[in-house]
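Below: coords.csv (CSV, C-alpha atoms and all ligand atoms)
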```
chain,number,residue,atom,x,y,z
A,1,MET,CA,-66.0,6.2,68.4
A,2,LYS,CA,-66.6,3.6,65.7
A,3,ASP,CA,-66.9,-0.2,65.6
A,4,LEU,CA,-64.2,-1.0,62.9
A,5,GLN,CA,-62.9,-4.1,61.3
A,6,ALA,CA,-59.2,-4.4,60.6
A,7,ASN,CA,-56.8,-6.8,58.9
A,8,ILE,CA,-53.7,-8.1,60.7
A,9,ILE,CA,-50.6,-7.0,58.8
A,10,HIS,CA,-48.3,-8.5,61.4
A,11,ASN,CA,-48.5,-9.7,65.0
A,12,LYS,CA,-44.9,-10.4,66.1
A,13,GLU,CA,-43.0,-10.8,69.4
A,14,ILE,CA,-40.6,-7.9,69.8
A,15,ALA,CA,-39.4,-8.7,73.3
A,16,THR,CA,-40.2,-11.5,75.7
A,17,ASN,CA,-44.0,-11.7,75.8
A,18,ILE,CA,-44.3,-8.3,74.2
A,19,PHE,CA,-46.1,-8.2,70.8
A,20,GLU,CA,-46.3,-5.6,68.1
A,21,LEU,CA,-49.6,-5.7,66.2
A,22,LYS,CA,-50.0,-3.8,63.0
A,23,LEU,CA,-53.6,-3.4,61.7
A,24,GLN,CA,-55.0,-2.1,58.4
A,25,PHE,CA,-58.4,-0.5,58.1
A,26,GLN,CA,-60.7,0.5,55.2
A,27,GLU,CA,-61.1,3.9,56.8
A,28,LEU,CA,-59.0,5.3,59.7
A,29,PRO,CA,-60.6,8.0,61.9
A,30,GLN,CA,-58.5,10.9,63.3
A,31,ILE,CA,-56.6,9.8,66.4
A,32,VAL,CA,-55.3,11.8,69.3
A,33,ALA,CA,-52.1,10.6,71.0
A,34,GLY,CA,-53.1,8.8,74.2
A,35,GLN,CA,-56.3,7.3,72.9
A,36,PHE,CA,-57.0,3.6,72.9
A,37,THR,CA,-58.9,0.8,71.2
A,38,ASN,CA,-61.1,-1.8,72.8
A,39,ILE,CA,-60.5,-5.1,71.1
A,40,LYS,CA,-63.0,-7.9,70.7
A,41,ILE,CA,-61.1,-11.1,71.3
A,42,PRO,CA,-62.6,-14.2,69.7
A,43,GLU,CA,-64.5,-16.3,72.3
A,44,LEU,CA,-64.2,-13.7,75.1
A,45,PHE,CA,-67.1,-11.6,76.3
A,46,LEU,CA,-65.3,-8.5,77.6
A,47,ARG,CA,-63.2,-6.5,75.2
A,48,ARG,CA,-59.5,-5.7,76.1
A,49,PRO,CA,-58.2,-2.1,76.0
A,50,ILE,CA,-54.9,-1.4,74.3
A,51,SER,CA,-53.3,2.0,73.6
A,52,ILE,CA,-52.6,3.2,70.2
A,53,CYS,CA,-48.8,3.3,69.8
A,54,ASP,CA,-48.6,4.8,66.3
A,55,TYR,CA,-50.7,5.4,63.3
A,56,ASP,CA,-50.4,6.3,59.6
A,57,LEU,CA,-53.5,8.0,58.1
A,58,ASN,CA,-52.2,7.5,54.5
A,59,GLU,CA,-51.6,3.8,55.0
A,60,LYS,CA,-54.7,3.5,57.2
A,61,THR,CA,-52.7,1.5,59.7
A,62,ILE,CA,-52.2,1.5,63.4
A,63,ILE,CA,-49.6,-0.1,65.7
A,64,LEU,CA,-50.5,-1.6,69.1
A,65,ILE,CA,-47.9,-3.1,71.5
A,66,TYR,CA,-49.2,-5.4,74.2
A,67,LYS,CA,-47.8,-7.7,76.8
A,68,VAL,CA,-49.2,-11.2,77.2
A,69,ILE,CA,-50.5,-11.4,80.8
A,70,GLY,CA,-53.7,-13.5,80.7
A,71,GLU,CA,-56.3,-15.2,78.5
A,72,GLY,CA,-57.2,-12.2,76.3
A,73,THR,CA,-53.7,-11.2,75.3
A,74,LYS,CA,-52.7,-14.8,74.9
A,75,CYS,CA,-55.5,-15.3,72.4
A,76,LEU,CA,-54.5,-12.1,70.7
A,77,SER,CA,-50.9,-13.2,70.3
A,78,ALA,CA,-52.0,-16.4,68.6
A,79,LEU,CA,-53.8,-14.5,65.7
A,80,GLU,CA,-52.0,-14.5,62.4
A,81,LYS,CA,-51.4,-12.2,59.5
A,82,GLY,CA,-54.6,-12.0,57.4
A,83,SER,CA,-57.0,-12.5,60.3
A,84,THR,CA,-59.7,-9.9,61.0
A,85,LEU,CA,-60.2,-8.1,64.3
A,86,ASP,CA,-63.2,-6.0,65.6
A,87,LEU,CA,-62.1,-2.8,67.4
A,88,LEU,CA,-64.0,0.1,69.1
A,89,MET,CA,-61.9,3.2,68.5
A,90,PRO,CA,-60.6,5.7,69.0
A,91,LEU,CA,-61.6,5.8,72.7
A,92,GLY,CA,-60.6,8.1,75.5
A,93,ASN,CA,-59.7,11.8,75.8
A,94,GLY,CA,-56.0,11.7,74.6
A,95,PHE,CA,-53.2,14.0,75.8
A,96,GLN,CA,-54.1,17.7,75.6
A,97,ILE,CA,-51.1,19.3,73.8
A,98,SER,CA,-53.0,22.6,73.9
A,99,LYS,CA,-52.3,22.9,77.6
A,100,LEU,CA,-48.7,23.6,76.8
A,101,GLU,CA,-49.6,26.8,75.1
A,102,GLU,CA,-51.3,28.0,78.3
A,103,LYS,CA,-48.6,26.8,80.7
A,104,LYS,CA,-45.5,27.5,78.5
A,105,PRO,CA,-43.2,25.0,80.3
A,106,LYS,CA,-39.5,25.2,79.6
A,107,ASN,CA,-38.6,21.5,80.3
A,108,ILE,CA,-41.1,18.9,79.2
A,109,LEU,CA,-40.6,15.3,80.1
A,110,ILE,CA,-42.2,12.1,78.9
A,111,ALA,CA,-41.9,9.3,81.4
A,112,GLY,CA,-43.2,5.8,80.9
A,113,GLY,CA,-43.1,2.3,82.4
A,114,GLY,CA,-43.6,-1.1,80.8
A,115,VAL,CA,-46.7,-1.3,78.7
A,116,GLY,CA,-47.4,2.3,79.6
A,117,ILE,CA,-44.7,3.2,77.0
A,118,PRO,CA,-46.6,2.6,73.7
A,119,PRO,CA,-48.9,5.6,73.8
A,120,LEU,CA,-45.9,7.8,74.7
A,121,TYR,CA,-44.3,7.0,71.4
A,122,ILE,CA,-47.1,8.6,69.3
A,123,LEU,CA,-47.2,11.4,71.9
A,124,ALA,CA,-43.5,12.1,71.4
A,125,LYS,CA,-43.9,12.3,67.6
A,126,THR,CA,-46.9,14.6,68.1
A,127,LEU,CA,-45.0,16.9,70.4
A,128,ILE,CA,-42.1,17.1,67.9
A,129,ARG,CA,-44.5,17.9,65.1
A,130,ALA,CA,-46.0,20.7,67.3
A,131,GLY,CA,-42.4,22.2,67.7
A,132,TYR,CA,-41.6,20.8,71.2
A,133,LYS,CA,-38.5,18.9,72.3
A,134,PRO,CA,-39.4,16.8,75.2
A,135,ASN,CA,-36.9,14.7,77.2
A,136,ILE,CA,-37.8,11.1,77.7
A,137,VAL,CA,-37.3,8.5,80.4
A,138,LEU,CA,-38.4,4.9,79.8
A,139,GLY,CA,-38.4,2.3,82.5
A,140,TYR,CA,-38.6,-1.5,82.0
A,141,ALA,CA,-38.7,-4.3,84.5
A,142,THR,CA,-35.8,-6.2,82.9
A,143,LYS,CA,-33.6,-6.4,79.7
A,144,ALA,CA,-35.8,-9.1,78.1
A,145,GLU,CA,-38.8,-6.8,78.2
A,146,VAL,CA,-37.1,-3.8,76.6
A,147,PHE,CA,-38.8,-2.7,73.3
A,148,TYR,CA,-38.9,0.3,70.9
A,149,LEU,CA,-35.5,1.7,71.8
A,150,ASN,CA,-34.5,2.1,68.2
A,151,GLN,CA,-37.8,3.9,67.4
A,152,PHE,CA,-37.3,6.3,70.3
A,153,GLU,CA,-33.7,6.8,69.5
A,154,ALA,CA,-34.6,7.8,65.9
A,155,LEU,CA,-36.6,10.7,67.3
A,156,ASN,CA,-33.4,12.5,68.3
A,157,LEU,CA,-34.5,13.5,71.7
A,158,ASN,CA,-32.6,13.4,74.9
A,159,PHE,CA,-33.6,10.1,76.4
A,160,LYS,CA,-32.6,7.7,79.3
A,161,VAL,CA,-33.5,4.1,80.0
A,162,THR,CA,-33.8,2.3,83.3
A,163,THR,CA,-34.4,-1.3,84.3
A,164,ASP,CA,-35.7,-2.3,87.7
A,165,ASP,CA,-33.1,-5.0,88.0
A,166,GLY,CA,-30.1,-3.3,86.3
A,167,SER,CA,-29.9,-6.0,83.6
A,168,PHE,CA,-29.9,-3.2,80.9
A,169,ALA,CA,-29.0,0.5,81.0
A,170,GLU,CA,-29.3,2.1,84.4
A,171,LYS,CA,-30.5,0.2,87.4
A,172,GLY,CA,-33.4,1.9,89.1
A,173,PHE,CA,-36.8,3.4,88.5
A,174,VAL,CA,-37.8,6.3,86.2
A,175,THR,CA,-38.1,8.5,89.2
A,176,ASP,CA,-34.3,8.0,90.0
A,177,SER,CA,-33.4,9.0,86.4
A,178,ILE,CA,-35.6,12.1,86.5
A,179,LYS,CA,-34.0,13.3,89.7
A,180,LYS,CA,-30.5,12.6,88.3
A,181,TYR,CA,-30.9,13.9,84.7
A,182,PHE,CA,-33.9,16.0,84.4
A,183,PRO,CA,-34.4,17.8,87.8
A,184,LYS,CA,-35.6,21.0,86.1
A,185,THR,CA,-38.7,19.3,84.5
A,186,ASP,CA,-41.7,21.6,84.8
A,187,TYR,CA,-44.2,19.6,82.7
A,188,LEU,CA,-44.8,15.8,82.8
A,189,PHE,CA,-46.6,13.5,80.4
A,190,THR,CA,-46.8,9.9,81.8
A,191,CYS,CA,-48.3,6.5,81.4
A,192,GLY,CA,-47.6,3.3,83.3
A,193,PRO,CA,-48.5,1.3,86.4
A,194,LYS,CA,-50.3,3.1,89.2
A,195,PRO,CA,-47.4,2.8,91.7
A,196,MET,CA,-45.1,4.5,89.2
A,197,LEU,CA,-47.7,7.3,88.5
A,198,LYS,CA,-48.0,7.8,92.2
A,199,ALA,CA,-44.2,8.0,92.7
A,200,LEU,CA,-44.0,10.5,89.9
A,201,SER,CA,-46.7,12.7,91.5
A,202,GLN,CA,-44.4,12.9,94.5
A,203,LEU,CA,-41.5,14.5,92.6
A,204,LYS,CA,-43.1,17.9,92.9
A,205,ILE,CA,-43.1,18.5,89.1
A,206,PRO,CA,-45.4,21.5,88.9
A,207,ASP,CA,-47.7,20.3,86.2
A,208,GLY,CA,-48.6,17.3,84.1
A,209,GLN,CA,-50.9,14.7,82.5
A,210,TYR,CA,-51.2,11.2,83.8
A,211,SER,CA,-52.6,8.3,81.7
A,212,PHE,CA,-54.0,5.4,83.7
A,213,GLU,CA,-54.2,1.8,82.5
A,214,GLU,CA,-56.7,0.6,85.2
A,215,ARG,CA,-58.2,-2.8,84.8
A,216,MET,CA,-61.6,-2.4,83.0
A,217,GLY,CA,-64.9,-4.1,83.3
A,218,CYS,CA,-67.6,-3.0,80.8
A,219,GLY,CA,-65.3,-0.5,79.0
A,220,PHE,CA,-68.2,1.9,78.3
A,221,GLY,CA,-68.9,3.7,81.6
A,222,GLY,CA,-71.5,1.4,83.1
A,223,CYS,CA,-69.8,-0.5,85.9
A,224,MET,CA,-67.5,2.1,87.6
A,225,GLY,CA,-64.9,-0.7,87.8
A,226,CYS,CA,-62.2,1.5,86.3
A,227,SER,CA,-62.8,4.7,88.3
A,228,ILE,CA,-60.2,6.8,90.1
A,229,LYS,CA,-60.7,9.4,92.8
A,230,THR,CA,-60.5,13.1,91.8
A,231,ASN,CA,-61.0,16.3,93.6
A,232,THR,CA,-63.6,17.5,91.0
A,233,ASP,CA,-67.3,17.9,91.6
A,234,LYS,CA,-67.7,14.4,90.1
A,235,GLY,CA,-65.6,12.8,92.7
A,236,TYR,CA,-64.8,9.5,91.0
A,237,LYS,CA,-64.1,9.5,87.3
A,238,ARG,CA,-64.0,6.6,84.9
A,239,VAL,CA,-60.8,5.8,83.1
A,240,CYS,CA,-62.7,4.3,80.2
A,241,LEU,CA,-65.0,7.3,79.7
A,242,GLU,CA,-63.5,10.5,81.3
A,243,GLY,CA,-59.9,9.2,80.9
A,244,PRO,CA,-57.6,7.6,80.4
A,245,ILE,CA,-55.7,10.9,80.9
A,246,PHE,CA,-56.2,13.1,83.9
A,247,MET,CA,-54.6,16.4,84.9
A,248,GLN,CA,-52.2,16.3,87.7
A,249,GLU,CA,-54.2,18.8,89.8
A,250,GLU,CA,-57.4,16.7,89.8
A,251,ILE,CA,-56.0,13.3,90.9
A,252,VAL,CA,-56.4,12.2,94.5
A,253,TRP,CA,-53.8,9.6,95.2
B,301,LIG,C1,-56.7,2.6,78.6
B,301,LIG,C2,-55.8,1.4,78.7
B,301,LIG,C3,-54.8,1.2,77.8
B,301,LIG,C4,-54.0,0.1,77.9
B,301,LIG,N1,-52.9,0.0,77.0
B,301,LIG,C5,-52.2,-1.2,77.0
B,301,LIG,C6,-51.1,-1.3,76.1
B,301,LIG,O1,-50.9,-0.4,75.2
B,301,LIG,N2,-50.4,-2.4,76.1
B,301,LIG,C7,-50.7,-3.4,77.0
B,301,LIG,O2,-50.0,-4.4,77.0
B,301,LIG,N3,-51.6,-3.3,77.9
B,301,LIG,C8,-52.4,-2.2,77.9
B,301,LIG,N4,-53.4,-2.1,78.8
B,301,LIG,C9,-53.6,-3.2,79.8
B,301,LIG,C10,-54.4,-4.3,79.1
B,301,LIG,O3,-55.7,-3.9,78.8
B,301,LIG,C11,-54.5,-5.6,79.9
B,301,LIG,O4,-53.2,-6.1,80.1
B,301,LIG,C12,-55.3,-6.6,79.2
B,301,LIG,O5,-56.7,-6.2,79.2
B,301,LIG,C13,-55.2,-7.9,80.0
B,301,LIG,O6,-56.1,-8.8,79.4
B,301,LIG,P1,-55.9,-10.4,79.5
B,301,LIG,O7,-57.2,-11.1,79.1
B,301,LIG,O8,-54.6,-10.9,78.9
B,301,LIG,O9,-55.6,-10.6,81.1
B,301,LIG,P2,-56.7,-11.0,82.2
B,301,LIG,O10,-56.9,-12.5,82.1
B,301,LIG,O11,-57.9,-10.2,82.1
B,301,LIG,O12,-55.9,-10.7,83.5
B,301,LIG,C14,-54.7,-11.4,83.8
B,301,LIG,C15,-54.1,-10.8,85.1
B,301,LIG,O13,-53.7,-9.4,84.8
B,301,LIG,C16,-54.4,-8.5,85.7
B,301,LIG,N5,-54.8,-7.3,84.8
B,301,LIG,C17,-55.6,-7.3,83.8
B,301,LIG,N6,-55.7,-6.0,83.3
B,301,LIG,C18,-54.9,-5.3,84.0
B,301,LIG,C19,-54.5,-3.9,84.0
B,301,LIG,N7,-55.1,-3.0,83.2
B,301,LIG,N8,-53.6,-3.5,84.9
B,301,LIG,C20,-53.1,-4.3,85.8
B,301,LIG,N9,-53.4,-5.6,85.9
B,301,LIG,C21,-54.3,-6.1,85.0
B,301,LIG,C22,-55.7,-9.3,86.1
B,301,LIG,O14,-56.1,-8.8,87.4
B,301,LIG,C23,-55.2,-10.7,86.2
B,301,LIG,O15,-54.5,-10.9,87.4
B,301,LIG,C24,-54.2,-1.0,78.8
B,301,LIG,C25,-55.3,-0.8,79.7
B,301,LIG,C26,-56.1,0.3,79.7
B,301,LIG,C27,-57.2,0.5,80.6
B,302,LIG,S1,-64.9,-0.2,82.7
B,302,LIG,FE1,-66.9,-0.1,83.4
B,302,LIG,S2,-67.1,2.0,83.9
B,302,LIG,FE2,-65.1,1.9,83.1
```

Any chance you could give the structure as structure tokens?
Amino acid sequence: MKDLQANIIHNKEIATNIFELKLQFQELPQIVAGQFTNIKIPELFLRRPISICDYDLNEKTIILIYKVIGEGTKCLSALEKGSTLDLLMPLGNGFQISKLEEKKPKNILIAGGGVGIPPLYILAKTLIRAGYKPNIVLGYATKAEVFYLNQFEALNLNFKVTTDDGSFAEKGFVTDSIKKYFPKTDYLFTCGPKPMLKALSQLKIPDGQYSFEERMGCGFGGCMGCSIKTNTDKGYKRVCLEGPIFMQEEIVW
């Protein structure tokens, strides 16, 4: 993990209250899909965690996608091209692609909801590079908040989109689409709000990796504010330090 300075290449609204932030670094460390950054927002004490959506080691750039929900993300959205940001990164464990070699699943699925979708984009690209062809289900609250469809479409994977209110694509939740279109799924990679993760865990998919976006306090393991219950010897594990990704078999819902 490093404390890095980056220049804002662009910071633009790509759906209602959803921003794409492209940053350029002097040096970009190796990144694993599913890792995140902790951003210092000018004037605020606590950093804000945002997942890495994409990166380019040659260009030394990363892409973050964030939703404006409070003070920190509002301040972030006001920053303009040319400003500098301070980021701790890369943080977290990242998705473990190597698990697929052990488990040899036949039908891999990536399922994401809302701002849980960004880290799944780089995950999909990484899986493709490793020779896998995952199916994808993306769930959004409503049409105005839909983002990155063209980018996912360009990956040439089998993918379905849902909106909670039916204002775009299929009405329903990602779980509905999985039951309908991908019932043979035997390995799941997911990221999104906790109720969605819990609903996915009840689908009886044999195996998977779940990325949590719990509200954080300190962001470096000191406050336990982000912990989730596991059945390991440790009991509670911290999303900021031992996560954000946990194996299906260790999570206690
Ligand atoms: C590992 C990780 C990765 C993340 N990746 C992304 C991402 O790629 N894109 C993105 O948009 N967001 C992501 N988040 C969530 C993001 O960190 C929060 O939305 C952000 O910190 C909110 O800051 P704020 O100052 O705008 O809101 P605040 O003023 O801090 O909070 C506003 C309201 O939102 C609630 N809130 C704050 N954080 C969360 C949260 N994590 N979950 C649910 N409710 C929350 C607060 O309780 C409050 O009611 C991620 C979180 C984690 C832990
Ligand atoms: S945010 Fe403090 S321990 Fe994770």

Might you pull out every residue within 8 Å of region 65-70 of chain A, with all atoms listed in the file counted and same-chain residues fewer than 4 positions away left off, and present them as a PyMOL selection string?
chain A and resi 17-21+50-53+74+77+115+118

Nearest-residue call for Gly219 (chain A), choices A:Thr37, A:Gln30, A:Asn158, A:Gln24, using all atoms listed in the file
A:Thr37

Pick out the residues sitting within 7 Å of region 33-36 of chain A, and hand them over as a list of chain:residue names; count only C-alpha atoms, and ignore anything fewer than 4 positions along from it in its own chain.
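Selected residues are A:Pro49, A:Ile50, A:Ser51, A:Ile52, A:Met89, A:Pro90, A:Leu91, A:Gly92, A:Asn93, A:Gly94, A:Phe95, A:Pro119, A:Ile122, A:Leu123.
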
Using all atoms listed in the file: which of A:Lys12, A:Lys104, A:Lys171, A:Arg48 has the shortest distance to ligand LIG 301 (chain B)
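Residue with the minimum atom-to-atom distance to ligand LIG 301 (chain B): A:Arg48.
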
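CA of Gln151 (chain A) to atom O9 of ligand LIG 301 (chain B) spans 26.7 Å [interatomic distance, one decimal].
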